[in-house]
Amino acid sequence: MSKGKKFKVLLDTSFILPTLGIEVNERVLNGLKKLRDISSEIFVSRFNILEALWVSIRLIKAKKFNQKRFLMGLESIFEGKRYSFIDESYTVFKKALKFYILGHEDMIDNLLYAISLEQDLLFLTIDDELREFIRENNLKDTTVYPEEIDELL
């Protein structure tokens, strides 16, 4: 991709967790810093929010949940201007089911990957298992790891 091009990036759920006040590893934080430094349009899905809610449930049970911070972050995601929400079509669900039948059992990953295919978006992830599945099945690889962002410039 050429310099000056605006990258369209769909985030895996790990990358919205910091906005929700949930700690993540350094690899995710570095990816977010790199996105901040390049011209990018960032997309999320309501499936990211659903998965983040599942993470919050685990934190609630562990008594490590900051509800006020989570709700402020959620409002920021929905009301702020940094993220754009994706509207999924029938074909996203059809493709996600196909990926499950092919052997990838994480349906949220399947949905997000299908969205990236349908919307022609890069899919920022740290999911080695998903990338391996994509490559083993000779599917179009839309995934990009945080450390690969510089290579796109």
# chains A, B, ... in the order shown; residues from 1 in each chain; ligands from 1
$ select_by_dssp --residues "chain A" --states "alpha helix (DSSP H)" --output "ChimeraX atom specification"
/A:26-37,46-61,67-79,90-102,107-119,128-136,149-152
$ residues_around --residues "A:Ser76" --least-positions-apart "6" --cutoff "9 Å" --atoms "only C-alpha atoms" --output "MDAnalysis selection string"
chainID A and resid 19:20 82:83
$ closest_residue --among "A:Asn48, A:Ser40, A:Asn30, A:Gln119" --to "A:Met107" --atoms "only C-alpha atoms"
A:Asn48
$ atom_distance --atom1 "atom CA of A:Lys68" --atom2 "atom CA of A:Lys81"
20.6 Å
$ closest_residue --among "A:Leu117, A:Ala62, A:Leu50, A:Leu35" --to "A:Glu148" --atoms "only C-alpha atoms"
A:Leu35
$ closest_residue --among "A:Ile126, A:Val92, A:Ile57, A:Leu121" --to "A:Phe43" --atoms "only C-alpha atoms"
A:Leu121
$ closest_residue --among "A:Tyr145, A:Phe99, A:Phe85, A:Tyr90" --to "A:Phe47" --atoms "only C-alpha atoms"
A:Phe85
$ select_by_dssp --residues "stretch 3-153 of chain A" --states "strand (DSSP E)" --output "JSON, numbers by chain"
{"A": [7, 8, 9, 10, 11, 40, 41, 42, 43, 44, 83, 84, 85, 122, 123, 124, 143, 144]}
$ write_last_selection --atoms "N, CA and C atoms" --output "PDB file, in the first residue's frame"
ATOM      1  N   PHE A   7      -5.633   3.626   5.800  1.00  0.00           N
ATOM      2  CA  PHE A   7      -5.874   2.218   6.045  1.00  0.00           C
ATOM      3  C   PHE A   7      -7.222   2.021   6.715  1.00  0.00           C
ATOM      4  N   LYS A   8      -7.959   1.042   6.233  1.00  0.00           N
ATOM      5  CA  LYS A   8      -9.240   0.684   6.832  1.00  0.00           C
ATOM      6  C   LYS A   8      -9.010  -0.597   7.626  1.00  0.00           C
ATOM      7  N   VAL A   9      -9.210  -0.499   8.939  1.00  0.00           N
ATOM      8  CA  VAL A   9      -8.829  -1.578   9.837  1.00  0.00           C
ATOM      9  C   VAL A   9      -9.999  -1.966  10.730  1.00  0.00           C
ATOM     10  N   LEU A  10     -10.316  -3.254  10.725  1.00  0.00           N
ATOM     11  CA  LEU A  10     -11.276  -3.814  11.669  1.00  0.00           C
ATOM     12  C   LEU A  10     -10.486  -4.331  12.866  1.00  0.00           C
ATOM     13  N   LEU A  11     -10.906  -3.962  14.054  1.00  0.00           N
ATOM     14  CA  LEU A  11     -10.199  -4.380  15.258  1.00  0.00           C
ATOM     15  C   LEU A  11     -10.733  -5.697  15.790  1.00  0.00           C
ATOM     16  N   SER A  40      -5.636   6.108   9.527  1.00  0.00           N
ATOM     17  CA  SER A  40      -6.461   4.909   9.510  1.00  0.00           C
ATOM     18  C   SER A  40      -7.901   5.231   9.879  1.00  0.00           C
ATOM     19  N   GLU A  41      -8.786   4.463   9.275  1.00  0.00           N
ATOM     20  CA  GLU A  41     -10.186   4.479   9.660  1.00  0.00           C
ATOM     21  C   GLU A  41     -10.412   3.175  10.402  1.00  0.00           C
ATOM     22  N   ILE A  42     -10.887   3.270  11.632  1.00  0.00           N
ATOM     23  CA  ILE A  42     -10.980   2.105  12.497  1.00  0.00           C
ATOM     24  C   ILE A  42     -12.439   1.664  12.614  1.00  0.00           C
ATOM     25  N   PHE A  43     -12.635   0.372  12.354  1.00  0.00           N
ATOM     26  CA  PHE A  43     -13.966  -0.206  12.388  1.00  0.00           C
ATOM     27  C   PHE A  43     -14.085  -1.209  13.528  1.00  0.00           C
ATOM     28  N   VAL A  44     -15.281  -1.279  14.097  1.00  0.00           N
ATOM     29  CA  VAL A  44     -15.616  -2.281  15.100  1.00  0.00           C
ATOM     30  C   VAL A  44     -16.987  -2.849  14.744  1.00  0.00           C
ATOM     31  N   TYR A  83     -14.219   5.430  16.216  1.00  0.00           N
ATOM     32  CA  TYR A  83     -14.618   4.130  15.685  1.00  0.00           C
ATOM     33  C   TYR A  83     -15.834   4.262  14.767  1.00  0.00           C
ATOM     34  N   SER A  84     -15.846   3.438  13.727  1.00  0.00           N
ATOM     35  CA  SER A  84     -17.012   3.322  12.853  1.00  0.00           C
ATOM     36  C   SER A  84     -17.575   1.919  13.024  1.00  0.00           C
ATOM     37  N   PHE A  85     -18.885   1.826  13.152  1.00  0.00           N
ATOM     38  CA  PHE A  85     -19.517   0.519  13.300  1.00  0.00           C
ATOM     39  C   PHE A  85     -19.846  -0.075  11.943  1.00  0.00           C
ATOM     40  N   LEU A 122      -8.493  -4.545   6.571  1.00  0.00           N
ATOM     41  CA  LEU A 122      -7.456  -5.270   7.290  1.00  0.00           C
ATOM     42  C   LEU A 122      -8.046  -5.668   8.632  1.00  0.00           C
ATOM     43  N   PHE A 123      -7.645  -6.813   9.161  1.00  0.00           N
ATOM     44  CA  PHE A 123      -8.165  -7.299  10.435  1.00  0.00           C
ATOM     45  C   PHE A 123      -7.011  -7.357  11.431  1.00  0.00           C
ATOM     46  N   LEU A 124      -6.950  -6.354  12.297  1.00  0.00           N
ATOM     47  CA  LEU A 124      -5.875  -6.268  13.286  1.00  0.00           C
ATOM     48  C   LEU A 124      -6.147  -7.254  14.414  1.00  0.00           C
ATOM     49  N   THR A 143      -5.594 -10.653   7.806  1.00  0.00           N
ATOM     50  CA  THR A 143      -5.055 -10.367   9.137  1.00  0.00           C
ATOM     51  C   THR A 143      -3.759  -9.584   9.073  1.00  0.00           C
ATOM     52  N   VAL A 144      -3.582  -8.749  10.060  1.00  0.00           N
ATOM     53  CA  VAL A 144      -2.328  -8.030  10.246  1.00  0.00           C
ATOM     54  C   VAL A 144      -2.056  -8.014  11.747  1.00  0.00           C
TER      55      VAL A 144
END
$ residues_around --residues "A:Ala114" --least-positions-apart "4" --cutoff "10 Å" --atoms "only C-alpha atoms" --output "list in words"
Glu88, Thr91, Val92, Phe93, Lys94, Lys95, Ala96, Leu97, Lys98, Phe99, Ile108, Asp109, Asn110, Glu118, Gln119, Asp120, Leu121, Phe123 and Thr142 of chain A
$ residues_around --residues "A:Ile49" --least-positions-apart "5" --cutoff "12 Å" --atoms "only C-alpha atoms" --output "list in words"
Leu11, Asp12, Thr13, Ser14, Phe15, Ile16, Leu17, Thr19, Leu20, Val44, Trp54, Val55, Ser56, Phe70, Leu71, Gly73, Leu74, Glu75, Ile77, Phe78, Phe85, Ile108 and Leu112 of chain A
$ closest_residue --among "A:Glu147, A:Phe133, A:Leu53, A:Ile22" --to "A:Glu105" --atoms "only C-alpha atoms"
A:Phe133
